[in-house]
Amino acid sequence: MKLYVYDHCPFCVKARAIFGLKGLPFELVVMANDDAATPERMVGRKVAPILEHDGRYTPESMDIVRAVDAITEPRVLVGPTNPDVTRGIQEGSQTLYRLAMPRWIAAPLAEFATEDARAFFTTNKEKVIGPFADRLAETAELLAAANAHLLQLEPLVRSPDAVNGELSEDDIHLFAHLRAMSIVQGVSYPPAIDAYRRVMSERMGVPLHDDIAA
Ligand SMILES: N[C@@H](CCC(=O)N[C@@H](CS)C(=O)NCC(=O)O)C(=O)O
């Protein structure tokens, strides 16, 4: 199986995570961010992640997660989900993207190895969050908001091994959110959140970006 991703992409992290939880081997292919031809050849549009399996191509992160979980028994994402986790992640998303997007293009990530790839991302995402320079100038306020958001999330984390005490799709979503946050330097992770993201990073086989955070 081959998984086509961008390293920074939280949806791609979700797809990578299930392979780690299942202990299944796969080949990770990081596409250039401005490479439209590769995804269009596979699924007819520019998107990531895409799973190639038995000559078939599956886009949509959660379709990939569910398909991979079903490949071998026992399934791992069997626990109940908590709507408060979904809500908590949503509430922090705008702050997260405002902090992370300008940092991703400046980081040594394979999808942003060329000037064209960085320009492609910048042009597209500045339409969503405004000029990256303006967002970087707001770092102190955005960090304060991110830290407050993490304090709201902390009581929801029941165990470093599973947000709700038993692995569920919430763990896929929450880890992807926290892994995206890891490109941001200076975030104050409450202890339960920090333990959770570290344990999950190991179990899911998706390294955090702490060492390249800016
Ligand atoms: N619903 C999709 C969303 C995937 C998605 O939006 N991926 C982004 C990358 S993070 C993408 O491919 N954007 C188009 C682009 O980069 O041009 C999923 O869950 O897989």
# chains A, B, ... in the order shown; residues from 1 in each chain; ligands from 1

$ residues_near_ligand --ligand "ligand 1" --cutoff "10 Å" --atoms "only C-alpha atoms and all ligand atoms" --output "PyMOL selection string"
chain A and resi 5-15+32-36+39+45-50+58-65+120-121+124-125

$ write_last_selection --atoms "N, CA, C and O atoms" --output "CSV table (one decimal), in the first residue's frame"
chain,number,residue,atom,x,y,z
A,5,VAL,N,0.9,11.9,0.5
A,5,VAL,CA,0.6,12.9,1.5
A,5,VAL,C,1.3,14.1,1.3
A,5,VAL,O,2.2,14.2,0.5
A,6,TYR,N,1.0,15.2,2.1
A,6,TYR,CA,1.9,16.3,2.4
A,6,TYR,C,2.3,16.1,3.9
A,6,TYR,O,1.4,15.8,4.7
A,7,ASP,N,3.5,16.3,4.3
A,7,ASP,CA,3.9,16.1,5.7
A,7,ASP,C,3.1,17.0,6.6
A,7,ASP,O,2.7,16.5,7.7
A,8,HIS,N,2.8,18.2,6.3
A,8,HIS,CA,2.2,19.1,7.2
A,8,HIS,C,0.7,18.8,7.4
A,8,HIS,O,0.1,19.2,8.4
A,9,CYS,N,0.1,18.1,6.5
A,9,CYS,CA,-1.4,18.1,6.3
A,9,CYS,C,-2.0,17.2,7.4
A,9,CYS,O,-1.8,16.0,7.6
A,10,PRO,N,-2.9,17.8,8.2
A,10,PRO,CA,-3.5,17.1,9.3
A,10,PRO,C,-4.4,15.9,8.8
A,10,PRO,O,-4.5,14.9,9.5
A,11,PHE,N,-5.0,16.1,7.7
A,11,PHE,CA,-5.8,15.0,7.1
A,11,PHE,C,-4.9,13.8,6.8
A,11,PHE,O,-5.3,12.6,6.9
A,12,CYS,N,-3.7,14.1,6.3
A,12,CYS,CA,-2.8,13.0,5.9
A,12,CYS,C,-2.2,12.4,7.2
A,12,CYS,O,-2.0,11.1,7.2
A,13,VAL,N,-2.1,13.1,8.3
A,13,VAL,CA,-1.7,12.5,9.6
A,13,VAL,C,-2.7,11.5,10.0
A,13,VAL,O,-2.4,10.4,10.5
A,14,LYS,N,-4.0,11.8,9.8
A,14,LYS,CA,-5.0,10.8,10.2
A,14,LYS,C,-4.8,9.5,9.4
A,14,LYS,O,-4.9,8.4,10.0
A,15,ALA,N,-4.6,9.6,8.1
A,15,ALA,CA,-4.4,8.4,7.3
A,15,ALA,C,-3.1,7.6,7.8
A,15,ALA,O,-3.1,6.4,7.8
A,32,ALA,N,5.0,17.0,-3.9
A,32,ALA,CA,5.3,18.5,-3.8
A,32,ALA,C,3.9,19.2,-3.7
A,32,ALA,O,2.9,18.7,-4.3
A,33,ASN,N,3.9,20.3,-3.0
A,33,ASN,CA,2.6,20.9,-2.8
A,33,ASN,C,2.0,21.5,-4.1
A,33,ASN,O,0.8,21.7,-4.1
A,34,ASP,N,2.8,21.8,-5.1
A,34,ASP,CA,2.3,22.3,-6.3
A,34,ASP,C,2.2,21.2,-7.4
A,34,ASP,O,1.9,21.5,-8.6
A,35,ASP,N,2.3,20.0,-7.0
A,35,ASP,CA,2.2,18.9,-8.0
A,35,ASP,C,0.7,18.5,-8.1
A,35,ASP,O,0.2,17.7,-7.3
A,36,ALA,N,0.0,19.0,-9.1
A,36,ALA,CA,-1.4,18.7,-9.3
A,36,ALA,C,-1.5,17.4,-10.1
A,36,ALA,O,-2.5,16.6,-10.0
A,39,PRO,N,-1.9,13.7,-8.0
A,39,PRO,CA,-3.2,13.4,-7.5
A,39,PRO,C,-4.3,13.3,-8.6
A,39,PRO,O,-5.2,12.5,-8.5
A,45,ARG,N,-8.5,14.9,-9.0
A,45,ARG,CA,-8.4,16.3,-8.4
A,45,ARG,C,-7.2,16.4,-7.6
A,45,ARG,O,-6.6,15.3,-7.2
A,46,LYS,N,-6.8,17.6,-7.3
A,46,LYS,CA,-5.6,17.8,-6.4
A,46,LYS,C,-6.1,17.7,-5.0
A,46,LYS,O,-6.7,18.6,-4.5
A,47,VAL,N,-5.6,16.7,-4.3
A,47,VAL,CA,-6.0,16.5,-2.9
A,47,VAL,C,-5.0,15.5,-2.3
A,47,VAL,O,-4.4,14.7,-3.0
A,48,ALA,N,-4.9,15.6,-1.0
A,48,ALA,CA,-4.1,14.6,-0.2
A,48,ALA,C,-4.9,14.4,1.1
A,48,ALA,O,-5.5,15.4,1.6
A,49,PRO,N,-4.9,13.3,1.7
A,49,PRO,CA,-4.2,12.1,1.3
A,49,PRO,C,-4.9,11.2,0.3
A,49,PRO,O,-6.1,11.4,0.1
A,50,ILE,N,-4.1,10.3,-0.4
A,50,ILE,CA,-4.7,9.3,-1.3
A,50,ILE,C,-4.0,8.0,-0.9
A,50,ILE,O,-2.8,7.9,-0.8
A,58,THR,N,-8.0,5.6,-3.1
A,58,THR,CA,-9.0,6.1,-2.1
A,58,THR,C,-8.5,7.5,-1.6
A,58,THR,O,-7.5,7.6,-0.9
A,59,PRO,N,-9.3,8.6,-1.9
A,59,PRO,CA,-9.1,9.8,-1.2
A,59,PRO,C,-9.9,9.9,0.1
A,59,PRO,O,-10.6,8.9,0.4
A,60,GLU,N,-9.9,10.9,0.8
A,60,GLU,CA,-10.7,11.1,2.0
A,60,GLU,C,-10.1,10.4,3.2
A,60,GLU,O,-10.1,9.2,3.3
A,61,SER,N,-9.6,11.2,4.1
A,61,SER,CA,-8.8,10.6,5.2
A,61,SER,C,-9.6,9.6,6.0
A,61,SER,O,-9.1,8.5,6.3
A,62,MET,N,-10.8,9.9,6.3
A,62,MET,CA,-11.5,9.0,7.2
A,62,MET,C,-12.0,7.7,6.5
A,62,MET,O,-12.2,6.7,7.1
A,63,ASP,N,-12.2,7.8,5.2
A,63,ASP,CA,-12.4,6.6,4.4
A,63,ASP,C,-11.2,5.7,4.4
A,63,ASP,O,-11.3,4.5,4.6
A,64,ILE,N,-10.0,6.3,4.4
A,64,ILE,CA,-8.8,5.6,4.4
A,64,ILE,C,-8.7,4.9,5.8
A,64,ILE,O,-8.3,3.7,6.0
A,65,VAL,N,-8.9,5.7,6.8
A,65,VAL,CA,-8.8,5.2,8.2
A,65,VAL,C,-9.7,4.0,8.4
A,65,VAL,O,-9.2,3.0,8.9
A,120,PHE,N,2.8,28.4,-4.2
A,120,PHE,CA,1.4,27.8,-4.4
A,120,PHE,C,0.6,27.8,-3.1
A,120,PHE,O,-0.5,28.2,-3.1
A,121,PHE,N,1.3,27.3,-2.1
A,121,PHE,CA,0.6,27.2,-0.8
A,121,PHE,C,0.2,28.6,-0.3
A,121,PHE,O,-0.9,28.8,0.2
A,124,ASN,N,-2.7,30.3,-2.1
A,124,ASN,CA,-4.0,29.6,-1.7
A,124,ASN,C,-4.4,29.9,-0.3
A,124,ASN,O,-5.6,30.3,-0.1
A,125,LYS,N,-3.5,29.8,0.6
A,125,LYS,CA,-3.9,29.9,2.0
A,125,LYS,C,-4.0,31.4,2.5
A,125,LYS,O,-4.8,31.6,3.4

$ select_by_dssp --residues "region 14-146 of chain A" --states "alpha helix (DSSP H)" --output "PyMOL selection string"
chain A and resi 14-22+37-43+61-69+83-106+115-129+132-137+139-146

$ write_last_selection --atoms "C-alpha atoms" --output "short mmCIF file (atom, residue, chain, number, x, y, z; two decimals), in the first residue's frame"
data_model
loop_
_atom_site.label_atom_id
_atom_site.label_comp_id
_atom_site.auth_asym_id
_atom_site.auth_seq_id
_atom_site.Cartn_x
_atom_site.Cartn_y
_atom_site.Cartn_z
CA LYS A 14 -5.05 10.83 10.17
CA ALA A 15 -4.38 8.38 7.34
CA ARG A 16 -0.80 7.73 8.50
CA ALA A 17 -1.93 7.23 12.10
CA ILE A 18 -4.11 4.21 11.45
CA PHE A 19 -1.20 2.33 9.85
CA GLY A 20 0.82 2.91 13.01
CA LEU A 21 -2.00 1.81 15.31
CA LYS A 22 -2.54 -1.33 13.23
CA ALA A 37 -0.61 16.01 -11.95
CA THR A 38 0.06 13.15 -9.49
CA PRO A 39 -3.21 13.37 -7.52
CA GLU A 40 -5.24 14.24 -10.63
CA ARG A 41 -3.95 11.08 -12.34
CA MET A 42 -5.11 9.01 -9.36
CA VAL A 43 -8.43 10.58 -8.29
CA SER A 61 -8.81 10.64 5.19
CA MET A 62 -11.55 8.98 7.24
CA ASP A 63 -12.45 6.60 4.39
CA ILE A 64 -8.80 5.56 4.43
CA VAL A 65 -8.78 5.24 8.22
CA ARG A 66 -11.86 3.01 8.22
CA ALA A 67 -10.66 0.92 5.28
CA VAL A 68 -7.26 0.29 6.84
CA ASP A 69 -8.77 -0.49 10.26
CA PRO A 83 -18.94 15.25 20.82
CA ASP A 84 -17.06 17.56 23.20
CA VAL A 85 -13.80 16.42 21.60
CA THR A 86 -15.07 17.31 18.12
CA ARG A 87 -16.33 20.66 19.40
CA GLY A 88 -13.07 21.36 21.22
CA ILE A 89 -11.00 20.68 18.12
CA GLN A 90 -13.27 22.88 15.99
CA GLU A 91 -13.02 25.74 18.46
CA GLY A 92 -9.23 25.72 18.20
CA SER A 93 -8.96 25.25 14.44
CA GLN A 94 -8.88 28.87 13.33
CA THR A 95 -6.15 29.74 15.82
CA LEU A 96 -4.21 26.63 14.87
CA TYR A 97 -4.21 27.38 11.14
CA ARG A 98 -3.29 31.03 11.68
CA LEU A 99 -0.28 29.94 13.67
CA ALA A 100 0.72 26.88 11.64
CA MET A 101 0.32 27.88 7.99
CA PRO A 102 3.02 30.57 7.87
CA ARG A 103 5.35 28.24 9.76
CA TRP A 104 4.79 25.19 7.56
CA ILE A 105 6.04 26.90 4.41
CA ALA A 106 9.16 28.09 6.22
CA GLU A 115 10.01 28.08 -4.23
CA ASP A 116 7.11 27.22 -6.57
CA ALA A 117 5.61 24.85 -3.99
CA ARG A 118 5.85 27.46 -1.24
CA ALA A 119 4.35 30.11 -3.51
CA PHE A 120 1.45 27.81 -4.45
CA PHE A 121 0.57 27.20 -0.79
CA THR A 122 1.03 30.82 0.21
CA THR A 123 -1.23 32.14 -2.55
CA ASN A 124 -3.98 29.64 -1.74
CA LYS A 125 -3.88 29.92 2.03
CA GLU A 126 -3.49 33.69 2.22
CA LYS A 127 -6.94 33.80 0.60
CA VAL A 128 -8.17 32.02 3.75
CA ILE A 129 -6.18 33.56 6.64
CA PHE A 132 1.13 35.35 6.45
CA ALA A 133 3.27 38.30 7.61
CA ASP A 134 0.23 39.74 9.42
CA ARG A 135 -0.48 36.41 11.11
CA LEU A 136 3.16 36.08 12.20
CA ALA A 137 2.94 39.57 13.68
CA THR A 139 1.99 35.43 17.25
CA ALA A 140 1.71 36.55 20.90
CA GLU A 141 -2.10 36.90 20.78
CA LEU A 142 -2.52 33.69 18.80
CA LEU A 143 -0.29 31.77 21.23
CA ALA A 144 -2.36 33.03 24.15
CA ALA A 145 -5.51 31.81 22.38
CA ALA A 146 -3.89 28.43 21.58
#
